[in-house]
>>> print(open('coords_19.pdb').read())   # PDB, C-alpha atoms, pLDDT in the B column
ATOM      1  CA  MET K   1      -2.380  -5.907   6.459  1.00 94.00           C
ATOM      2  CA  ASN K   2       0.964  -4.185   6.060  1.00 97.00           C
ATOM      3  CA  THR K   3       2.471  -1.073   7.545  1.00 98.00           C
ATOM      4  CA  TYR K   4       3.404   1.787   5.227  1.00 98.00           C
ATOM      5  CA  MET K   5       5.416   4.974   5.574  1.00 98.00           C
ATOM      6  CA  ASP K   6       4.612   7.449   2.856  1.00 98.00           C
ATOM      7  CA  VAL K   7       6.335  10.699   2.096  1.00 98.00           C
ATOM      8  CA  HIS K   8       4.984  13.968   0.706  1.00 98.00           C
ATOM      9  CA  ARG K   9       7.392  16.651  -0.467  1.00 97.00           C
ATOM     10  CA  GLY K  10       6.909  20.287  -1.431  1.00 98.00           C
ATOM     11  CA  MET K  11       4.869  21.101   1.687  1.00 97.00           C
ATOM     12  CA  GLU K  12       7.049  24.001   2.804  1.00 98.00           C
ATOM     13  CA  GLY K  13       5.304  26.201   5.331  1.00 98.00           C
ATOM     14  CA  ILE K  14       2.605  23.673   6.231  1.00 98.00           C
ATOM     15  CA  THR K  15       0.808  24.693   9.426  1.00 98.00           C
ATOM     16  CA  ALA K  16      -0.568  22.572  12.258  1.00 98.00           C
ATOM     17  CA  ALA K  17      -4.099  23.345  11.041  1.00 98.00           C
ATOM     18  CA  GLN K  18      -3.271  22.282   7.475  1.00 98.00           C
ATOM     19  CA  LEU K  19      -1.680  19.030   8.671  1.00 98.00           C
ATOM     20  CA  LYS K  20      -4.734  18.283  10.800  1.00 98.00           C
ATOM     21  CA  GLU K  21      -7.080  19.104   7.904  1.00 98.00           C
ATOM     22  CA  ALA K  22      -5.120  16.879   5.492  1.00 97.00           C
ATOM     23  CA  HIS K  23      -5.037  14.031   8.001  1.00 98.00           C
ATOM     24  CA  GLU K  24      -8.768  14.338   8.632  1.00 98.00           C
ATOM     25  CA  ALA K  25      -9.440  14.327   4.881  1.00 98.00           C
ATOM     26  CA  ASP K  26      -7.607  10.973   4.790  1.00 98.00           C
ATOM     27  CA  THR K  27      -9.253   9.462   7.849  1.00 98.00           C
ATOM     28  CA  ALA K  28     -12.728  10.511   6.678  1.00 98.00           C
ATOM     29  CA  ILE K  29     -12.520   8.126   3.709  1.00 98.00           C
ATOM     30  CA  GLU K  30      -9.809   5.635   4.699  1.00 98.00           C
ATOM     31  CA  HIS K  31     -12.284   2.893   5.637  1.00 98.00           C
ATOM     32  CA  GLU K  32     -13.414   2.695   2.005  1.00 98.00           C
ATOM     33  CA  GLU K  33      -9.988   1.276   1.132  1.00 98.00           C
ATOM     34  CA  GLY K  34      -9.387  -0.619   4.397  1.00 98.00           C
ATOM     35  CA  VAL K  35      -6.619   1.828   5.328  1.00 98.00           C
ATOM     36  CA  HIS K  36      -5.893   3.339   8.725  1.00 98.00           C
ATOM     37  CA  PHE K  37      -3.655   6.382   8.989  1.00 98.00           C
ATOM     38  CA  GLU K  38      -2.069   6.209  12.431  1.00 97.00           C
ATOM     39  CA  HIS K  39       0.201   9.233  12.560  1.00 97.00           C
ATOM     40  CA  ALA K  40       1.594  12.005  10.421  1.00 98.00           C
ATOM     41  CA  TRP K  41       4.645  14.157  11.080  1.00 98.00           C
ATOM     42  CA  ALA K  42       5.563  17.334   9.211  1.00 98.00           C
ATOM     43  CA  ASP K  43       8.731  19.347   8.771  1.00 98.00           C
ATOM     44  CA  PRO K  44       7.481  22.730   7.502  1.00 98.00           C
ATOM     45  CA  GLU K  45      11.019  23.898   6.798  1.00 97.00           C
ATOM     46  CA  SER K  46      11.975  21.194   4.297  1.00 96.00           C
ATOM     47  CA  GLY K  47       8.336  20.702   3.294  1.00 98.00           C
ATOM     48  CA  THR K  48       8.332  16.990   4.103  1.00 98.00           C
ATOM     49  CA  VAL K  49       5.392  15.065   5.551  1.00 98.00           C
ATOM     50  CA  TYR K  50       5.567  11.433   6.709  1.00 98.00           C
ATOM     51  CA  CYS K  51       2.423   9.350   7.179  1.00 98.00           C
ATOM     52  CA  LEU K  52       2.345   5.988   8.946  1.00 98.00           C
ATOM     53  CA  SER K  53      -0.524   3.706   8.032  1.00 98.00           C
ATOM     54  CA  THR K  54      -1.734   0.145   8.023  1.00 98.00           C
ATOM     55  CA  ALA K  55      -3.339  -0.950   4.784  1.00 98.00           C
ATOM     56  CA  PRO K  56      -3.905  -3.911   2.495  1.00 98.00           C
ATOM     57  CA  SER K  57      -1.615  -2.441  -0.190  1.00 98.00           C
ATOM     58  CA  ALA K  58       0.402   0.629  -1.159  1.00 98.00           C
ATOM     59  CA  GLY K  59      -2.166   1.238  -3.884  1.00 98.00           C
ATOM     60  CA  ALA K  60      -4.911   1.519  -1.270  1.00 98.00           C
ATOM     61  CA  VAL K  61      -2.832   4.105   0.646  1.00 98.00           C
ATOM     62  CA  GLN K  62      -2.292   6.104  -2.519  1.00 98.00           C
ATOM     63  CA  ARG K  63      -5.952   5.983  -3.538  1.00 98.00           C
ATOM     64  CA  VAL K  64      -6.980   7.514  -0.206  1.00 98.00           C
ATOM     65  CA  HIS K  65      -4.323  10.223  -0.477  1.00 98.00           C
ATOM     66  CA  GLU K  66      -5.260  10.912  -4.087  1.00 98.00           C
ATOM     67  CA  ARG K  67      -8.969  11.259  -3.338  1.00 98.00           C
ATOM     68  CA  ALA K  68      -8.117  13.495  -0.369  1.00 98.00           C
ATOM     69  CA  GLY K  69      -6.160  15.739  -2.738  1.00 96.00           C
ATOM     70  CA  HIS K  70      -2.562  14.998  -1.798  1.00 96.00           C
ATOM     71  CA  VAL K  71      -0.811  12.224  -3.723  1.00 98.00           C
ATOM     72  CA  ALA K  72       2.215  10.742  -1.931  1.00 98.00           C
ATOM     73  CA  ASP K  73       5.636  11.047  -3.567  1.00 98.00           C
ATOM     74  CA  GLU K  74       6.908   7.774  -2.058  1.00 96.00           C
ATOM     75  CA  ILE K  75       5.205   4.871  -0.318  1.00 97.00           C
ATOM     76  CA  HIS K  76       7.385   2.354   1.497  1.00 97.00           C
ATOM     77  CA  THR K  77       6.250  -0.969   2.887  1.00 98.00           C
ATOM     78  CA  VAL K  78       7.903  -0.899   6.303  1.00 98.00           C
ATOM     79  CA  SER K  79       7.722  -4.595   7.019  1.00 97.00           C
ATOM     80  CA  LEU K  80      10.051  -4.295  10.019  1.00 98.00           C
ATOM     81  CA  SER K  81       9.735  -2.093  13.073  1.00 97.00           C
ATOM     82  CA  VAL K  82      11.206  -1.777  16.505  1.00 97.00           C
TER      83      VAL K  82
ATOM     84  CA  MET R   1      13.239  19.020  23.027  1.00 94.00           C
ATOM     85  CA  ASN R   2      12.212  18.514  19.430  1.00 97.00           C
ATOM     86  CA  THR R   3      10.967  15.543  17.481  1.00 98.00           C
ATOM     87  CA  TYR R   4      13.040  14.259  14.568  1.00 98.00           C
ATOM     88  CA  MET R   5      12.479  11.826  11.739  1.00 98.00           C
ATOM     89  CA  ASP R   6      15.727  10.628  10.245  1.00 98.00           C
ATOM     90  CA  VAL R   7      16.214   8.534   7.147  1.00 97.00           C
ATOM     91  CA  HIS R   8      18.865   5.947   6.300  1.00 98.00           C
ATOM     92  CA  ARG R   9      19.191   4.687   2.732  1.00 97.00           C
ATOM     93  CA  GLY R  10      21.127   1.815   1.208  1.00 97.00           C
ATOM     94  CA  MET R  11      19.887  -0.716   3.786  1.00 97.00           C
ATOM     95  CA  GLU R  12      18.525  -3.188   1.218  1.00 98.00           C
ATOM     96  CA  GLY R  13      17.936  -6.608   2.730  1.00 98.00           C
ATOM     97  CA  ILE R  14      18.029  -5.446   6.348  1.00 98.00           C
ATOM     98  CA  THR R  15      16.634  -8.130   8.665  1.00 98.00           C
ATOM     99  CA  ALA R  16      14.550  -7.814  11.821  1.00 98.00           C
ATOM    100  CA  ALA R  17      17.592  -8.843  13.868  1.00 98.00           C
ATOM    101  CA  GLN R  18      19.784  -6.204  12.208  1.00 98.00           C
ATOM    102  CA  LEU R  19      17.188  -3.483  12.765  1.00 98.00           C
ATOM    103  CA  LYS R  20      16.900  -4.490  16.428  1.00 98.00           C
ATOM    104  CA  GLU R  21      20.677  -4.539  16.816  1.00 98.00           C
ATOM    105  CA  ALA R  22      21.061  -1.102  15.201  1.00 97.00           C
ATOM    106  CA  HIS R  23      18.280   0.352  17.350  1.00 98.00           C
ATOM    107  CA  GLU R  24      19.825  -1.109  20.492  1.00 98.00           C
ATOM    108  CA  ALA R  25      23.221   0.333  19.540  1.00 98.00           C
ATOM    109  CA  ASP R  26      21.517   3.735  19.442  1.00 98.00           C
ATOM    110  CA  THR R  27      19.531   3.359  22.639  1.00 98.00           C
ATOM    111  CA  ALA R  28      22.577   2.086  24.553  1.00 98.00           C
ATOM    112  CA  ILE R  29      24.291   5.472  24.195  1.00 98.00           C
ATOM    113  CA  GLU R  30      21.439   7.890  23.447  1.00 98.00           C
ATOM    114  CA  HIS R  31      21.329   9.269  27.007  1.00 98.00           C
ATOM    115  CA  GLU R  32      24.807  10.705  26.538  1.00 98.00           C
ATOM    116  CA  GLU R  33      23.341  13.151  24.013  1.00 98.00           C
ATOM    117  CA  GLY R  34      19.933  13.580  25.630  1.00 98.00           C
ATOM    118  CA  VAL R  35      18.290  11.724  22.732  1.00 98.00           C
ATOM    119  CA  HIS R  36      15.530   9.135  22.869  1.00 98.00           C
ATOM    120  CA  PHE R  37      14.867   6.919  19.860  1.00 98.00           C
ATOM    121  CA  GLU R  38      11.196   6.007  20.044  1.00 97.00           C
ATOM    122  CA  HIS R  39      10.626   3.879  16.969  1.00 97.00           C
ATOM    123  CA  ALA R  40      12.308   2.700  13.805  1.00 98.00           C
ATOM    124  CA  TRP R  41      10.685   1.305  10.676  1.00 98.00           C
ATOM    125  CA  ALA R  42      12.487  -0.460   7.843  1.00 98.00           C
ATOM    126  CA  ASP R  43      11.655  -1.244   4.241  1.00 98.00           C
ATOM    127  CA  PRO R  44      14.172  -3.965   3.303  1.00 98.00           C
ATOM    128  CA  GLU R  45      13.151  -3.827  -0.354  1.00 97.00           C
ATOM    129  CA  SER R  46      14.014  -0.159  -0.980  1.00 96.00           C
ATOM    130  CA  GLY R  47      16.637  -0.201   1.780  1.00 98.00           C
ATOM    131  CA  THR R  48      15.064   2.693   3.672  1.00 98.00           C
ATOM    132  CA  VAL R  49      14.987   3.028   7.465  1.00 98.00           C
ATOM    133  CA  TYR R  50      13.050   5.750   9.324  1.00 98.00           C
ATOM    134  CA  CYS R  51      13.844   6.604  12.949  1.00 98.00           C
ATOM    135  CA  LEU R  52      11.626   8.765  15.154  1.00 98.00           C
ATOM    136  CA  SER R  53      13.341  10.437  18.087  1.00 98.00           C
ATOM    137  CA  THR R  54      13.101  13.252  20.573  1.00 98.00           C
ATOM    138  CA  ALA R  55      16.311  15.192  21.029  1.00 98.00           C
ATOM    139  CA  PRO R  56      17.736  18.605  21.815  1.00 98.00           C
ATOM    140  CA  SER R  57      19.072  19.006  18.245  1.00 98.00           C
ATOM    141  CA  ALA R  58      19.555  17.251  14.924  1.00 98.00           C
ATOM    142  CA  GLY R  59      23.272  17.230  15.667  1.00 98.00           C
ATOM    143  CA  ALA R  60      22.666  15.205  18.826  1.00 98.00           C
ATOM    144  CA  VAL R  61      20.653  12.659  16.809  1.00 98.00           C
ATOM    145  CA  GLN R  62      23.420  12.391  14.234  1.00 98.00           C
ATOM    146  CA  ARG R  63      26.163  12.021  16.859  1.00 98.00           C
ATOM    147  CA  VAL R  64      24.385   9.016  18.387  1.00 98.00           C
ATOM    148  CA  HIS R  65      23.854   7.425  14.966  1.00 98.00           C
ATOM    149  CA  GLU R  66      27.450   8.136  13.983  1.00 98.00           C
ATOM    150  CA  ARG R  67      28.896   6.595  17.134  1.00 98.00           C
ATOM    151  CA  ALA R  68      26.576   3.602  16.708  1.00 98.00           C
ATOM    152  CA  GLY R  69      28.007   3.116  13.219  1.00 96.00           C
ATOM    153  CA  HIS R  70      25.156   4.258  10.987  1.00 96.00           C
ATOM    154  CA  VAL R  71      25.121   7.929   9.958  1.00 98.00           C
ATOM    155  CA  ALA R  72      21.689   9.197   8.859  1.00 98.00           C
ATOM    156  CA  ASP R  73      21.262  10.455   5.284  1.00 98.00           C
ATOM    157  CA  GLU R  74      18.582  12.983   6.248  1.00 96.00           C
ATOM    158  CA  ILE R  75      17.354  14.360   9.559  1.00 97.00           C
ATOM    159  CA  HIS R  76      14.108  16.333   9.603  1.00 97.00           C
ATOM    160  CA  THR R  77      12.760  18.363  12.496  1.00 98.00           C
ATOM    161  CA  VAL R  78       9.133  17.255  12.499  1.00 98.00           C
ATOM    162  CA  SER R  79       7.737  20.127  14.502  1.00 97.00           C
ATOM    163  CA  LEU R  80       4.132  19.164  13.681  1.00 98.00           C
ATOM    164  CA  SER R  81       2.382  15.868  14.244  1.00 97.00           C
ATOM    165  CA  VAL R  82      -1.114  14.504  14.286  1.00 97.00           C
TER     166      VAL R  82
END
>>> encode(input="coords_19.pdb", output="structure tokens")
Amino acid sequence: MNTYMDVHRGMEGITAAQLKEAHEADTAIEHEEGVHFEHAWADPESGTVYCLSTAPSAGAVQRVHERAGHVADEIHTVSLSV
Amino acid sequence: MNTYMDVHRGMEGITAAQLKEAHEADTAIEHEEGVHFEHAWADPESGTVYCLSTAPSAGAVQRVHERAGHVADEIHTVSLSV
């Protein structure tokens, strides 16, 4: 399992309810790809959302996001953390 | 206090020791700006580092990073999280 930080852009004006709904859409199906979305943070002003997950691959992360209706713009394998 | 996600680029090849050293350079002086760096994640392949902090302003976050020798390329106020 690896840790991933993915980035969604163009989410200007996202609300707390929309972030929660998007996150729950991911977590509802994440087990099918062996993914776990741990946290998500949103900046409604710049329209940027960051999601931290553990997963077997970046492709698995993207498949969950895609099926949940919000493809990620970038997925980074964050192999180091502190 | 707000929560910030800042991004550093161009860090290709960063090692665990370098990430730890950079984080410790931040945390050694963060109190002078009322900032607390909670976590940092690095992708050595794309050279991207993400730092999560709580701080009174984005300027305070940048001042700590600047004095520690690593200016952030982007700082986002992540006012929402889940």
>>> calpha_fit_and_write(input="coords_19.pdb", fixed="chain R", moving="chain K", output="PDB file with C-alpha atoms, keeping the file's coordinate frame")
ATOM      1  CA  MET K   1      13.237  19.029  23.024  1.00 94.00           C
ATOM      2  CA  ASN K   2      12.208  18.517  19.420  1.00 97.00           C
ATOM      3  CA  THR K   3      10.966  15.544  17.477  1.00 98.00           C
ATOM      4  CA  TYR K   4      13.052  14.261  14.574  1.00 98.00           C
ATOM      5  CA  MET K   5      12.483  11.828  11.730  1.00 98.00           C
ATOM      6  CA  ASP K   6      15.722  10.625  10.239  1.00 98.00           C
ATOM      7  CA  VAL K   7      16.220   8.536   7.157  1.00 98.00           C
ATOM      8  CA  HIS K   8      18.866   5.943   6.308  1.00 98.00           C
ATOM      9  CA  ARG K   9      19.197   4.692   2.745  1.00 97.00           C
ATOM     10  CA  GLY K  10      21.127   1.811   1.207  1.00 98.00           C
ATOM     11  CA  MET K  11      19.879  -0.720   3.773  1.00 97.00           C
ATOM     12  CA  GLU K  12      18.527  -3.187   1.225  1.00 98.00           C
ATOM     13  CA  GLY K  13      17.942  -6.604   2.725  1.00 98.00           C
ATOM     14  CA  ILE K  14      18.025  -5.443   6.349  1.00 98.00           C
ATOM     15  CA  THR K  15      16.637  -8.128   8.661  1.00 98.00           C
ATOM     16  CA  ALA K  16      14.550  -7.816  11.817  1.00 98.00           C
ATOM     17  CA  ALA K  17      17.601  -8.840  13.864  1.00 98.00           C
ATOM     18  CA  GLN K  18      19.794  -6.199  12.206  1.00 98.00           C
ATOM     19  CA  LEU K  19      17.182  -3.480  12.776  1.00 98.00           C
ATOM     20  CA  LYS K  20      16.893  -4.480  16.428  1.00 98.00           C
ATOM     21  CA  GLU K  21      20.689  -4.544  16.816  1.00 98.00           C
ATOM     22  CA  ALA K  22      21.060  -1.101  15.198  1.00 97.00           C
ATOM     23  CA  HIS K  23      18.282   0.340  17.349  1.00 98.00           C
ATOM     24  CA  GLU K  24      19.826  -1.110  20.499  1.00 98.00           C
ATOM     25  CA  ALA K  25      23.223   0.324  19.539  1.00 98.00           C
ATOM     26  CA  ASP K  26      21.502   3.737  19.437  1.00 98.00           C
ATOM     27  CA  THR K  27      19.524   3.354  22.644  1.00 98.00           C
ATOM     28  CA  ALA K  28      22.575   2.083  24.547  1.00 98.00           C
ATOM     29  CA  ILE K  29      24.289   5.472  24.194  1.00 98.00           C
ATOM     30  CA  GLU K  30      21.437   7.889  23.449  1.00 98.00           C
ATOM     31  CA  HIS K  31      21.317   9.276  26.997  1.00 98.00           C
ATOM     32  CA  GLU K  32      24.815  10.711  26.535  1.00 98.00           C
ATOM     33  CA  GLU K  33      23.357  13.158  24.006  1.00 98.00           C
ATOM     34  CA  GLY K  34      19.925  13.574  25.636  1.00 98.00           C
ATOM     35  CA  VAL K  35      18.300  11.725  22.728  1.00 98.00           C
ATOM     36  CA  HIS K  36      15.529   9.145  22.867  1.00 98.00           C
ATOM     37  CA  PHE K  37      14.873   6.929  19.868  1.00 98.00           C
ATOM     38  CA  GLU K  38      11.196   6.010  20.041  1.00 97.00           C
ATOM     39  CA  HIS K  39      10.628   3.875  16.969  1.00 97.00           C
ATOM     40  CA  ALA K  40      12.303   2.707  13.803  1.00 98.00           C
ATOM     41  CA  TRP K  41      10.676   1.299  10.681  1.00 98.00           C
ATOM     42  CA  ALA K  42      12.484  -0.454   7.836  1.00 98.00           C
ATOM     43  CA  ASP K  43      11.652  -1.246   4.236  1.00 98.00           C
ATOM     44  CA  PRO K  44      14.174  -3.964   3.305  1.00 98.00           C
ATOM     45  CA  GLU K  45      13.154  -3.817  -0.344  1.00 97.00           C
ATOM     46  CA  SER K  46      14.013  -0.165  -0.980  1.00 96.00           C
ATOM     47  CA  GLY K  47      16.638  -0.203   1.776  1.00 98.00           C
ATOM     48  CA  THR K  48      15.074   2.690   3.679  1.00 98.00           C
ATOM     49  CA  VAL K  49      14.988   3.034   7.463  1.00 98.00           C
ATOM     50  CA  TYR K  50      13.065   5.753   9.327  1.00 98.00           C
ATOM     51  CA  CYS K  51      13.842   6.599  12.950  1.00 98.00           C
ATOM     52  CA  LEU K  52      11.626   8.762  15.150  1.00 98.00           C
ATOM     53  CA  SER K  53      13.332  10.436  18.077  1.00 98.00           C
ATOM     54  CA  THR K  54      13.108  13.248  20.564  1.00 98.00           C
ATOM     55  CA  ALA K  55      16.320  15.182  21.026  1.00 98.00           C
ATOM     56  CA  PRO K  56      17.752  18.595  21.818  1.00 98.00           C
ATOM     57  CA  SER K  57      19.075  19.012  18.256  1.00 98.00           C
ATOM     58  CA  ALA K  58      19.543  17.241  14.928  1.00 98.00           C
ATOM     59  CA  GLY K  59      23.266  17.235  15.656  1.00 98.00           C
ATOM     60  CA  ALA K  60      22.671  15.209  18.816  1.00 98.00           C
ATOM     61  CA  VAL K  61      20.647  12.652  16.805  1.00 98.00           C
ATOM     62  CA  GLN K  62      23.418  12.383  14.245  1.00 98.00           C
ATOM     63  CA  ARG K  63      26.157  12.023  16.855  1.00 98.00           C
ATOM     64  CA  VAL K  64      24.375   9.024  18.382  1.00 98.00           C
ATOM     65  CA  HIS K  65      23.848   7.428  14.969  1.00 98.00           C
ATOM     66  CA  GLU K  66      27.443   8.127  13.983  1.00 98.00           C
ATOM     67  CA  ARG K  67      28.889   6.598  17.147  1.00 98.00           C
ATOM     68  CA  ALA K  68      26.576   3.599  16.704  1.00 98.00           C
ATOM     69  CA  GLY K  69      28.009   3.126  13.211  1.00 96.00           C
ATOM     70  CA  HIS K  70      25.155   4.256  10.985  1.00 96.00           C
ATOM     71  CA  VAL K  71      25.108   7.920   9.965  1.00 98.00           C
ATOM     72  CA  ALA K  72      21.685   9.195   8.860  1.00 98.00           C
ATOM     73  CA  ASP K  73      21.271  10.461   5.296  1.00 98.00           C
ATOM     74  CA  GLU K  74      18.570  12.987   6.260  1.00 96.00           C
ATOM     75  CA  ILE K  75      17.350  14.364   9.572  1.00 97.00           C
ATOM     76  CA  HIS K  76      14.104  16.324   9.602  1.00 97.00           C
ATOM     77  CA  THR K  77      12.764  18.354  12.491  1.00 98.00           C
ATOM     78  CA  VAL K  78       9.133  17.250  12.496  1.00 98.00           C
ATOM     79  CA  SER K  79       7.742  20.125  14.498  1.00 97.00           C
ATOM     80  CA  LEU K  80       4.146  19.163  13.689  1.00 98.00           C
ATOM     81  CA  SER K  81       2.375  15.871  14.242  1.00 97.00           C
ATOM     82  CA  VAL K  82      -1.112  14.502  14.297  1.00 97.00           C
TER      83      VAL K  82
END
>>> resolve_selection(input="coords_19.pdb", expression="the ChimeraX specification (/K :<9) & /R", output="PyMOL selection string")
chain R and resi 4-5+14-16+19-20+23+38-46+48-50+76-82
>>> write_last_selection(input="coords_19.pdb", atoms="C-alpha atoms", output="short mmCIF file (atom, residue, chain, number, x, y, z; two decimals), in the coordinates of the input")
data_model
loop_
_atom_site.label_atom_id
_atom_site.label_comp_id
_atom_site.auth_asym_id
_atom_site.auth_seq_id
_atom_site.Cartn_x
_atom_site.Cartn_y
_atom_site.Cartn_z
CA TYR R 4 13.04 14.26 14.57
CA MET R 5 12.48 11.83 11.74
CA ILE R 14 18.03 -5.45 6.35
CA THR R 15 16.63 -8.13 8.66
CA ALA R 16 14.55 -7.81 11.82
CA LEU R 19 17.19 -3.48 12.76
CA LYS R 20 16.90 -4.49 16.43
CA HIS R 23 18.28 0.35 17.35
CA GLU R 38 11.20 6.01 20.04
CA HIS R 39 10.63 3.88 16.97
CA ALA R 40 12.31 2.70 13.80
CA TRP R 41 10.68 1.30 10.68
CA ALA R 42 12.49 -0.46 7.84
CA ASP R 43 11.66 -1.24 4.24
CA PRO R 44 14.17 -3.96 3.30
CA GLU R 45 13.15 -3.83 -0.35
CA SER R 46 14.01 -0.16 -0.98
CA THR R 48 15.06 2.69 3.67
CA VAL R 49 14.99 3.03 7.46
CA TYR R 50 13.05 5.75 9.32
CA HIS R 76 14.11 16.33 9.60
CA THR R 77 12.76 18.36 12.50
CA VAL R 78 9.13 17.26 12.50
CA SER R 79 7.74 20.13 14.50
CA LEU R 80 4.13 19.16 13.68
CA SER R 81 2.38 15.87 14.24
CA VAL R 82 -1.11 14.50 14.29
#
>>> atom_distance(input="coords_19.pdb", atom1="CA of Gln18 (chain R)", atom2="CA of Glu32 (chain R)")
22.7 Å
>>> atom_distance(input="coords_19.pdb", atom1="CA of Met1 (chain K)", atom2="CA of Ala55 (chain K)")
5.3 Å
>>> atom_distance(input="coords_19.pdb", atom1="CA of Gly69 (chain R)", atom2="CA of Gly13 (chain R)")
17.5 Å
>>> residues_near_point(input="coords_19.pdb", point="(23.1, 9.9, 16.9)", cutoff="6 Å", atoms="all atoms listed in the file", output="list in words")
Ala60, Val61, Gln62, Arg63, Val64, His65 and Glu66 of chain R
>>> closest_residue(input="coords_19.pdb", among="R:Ile29, R:Met11, R:Val35, R:Val71", to="Ser57 (chain R)", atoms="all atoms listed in the file")
R:Val35
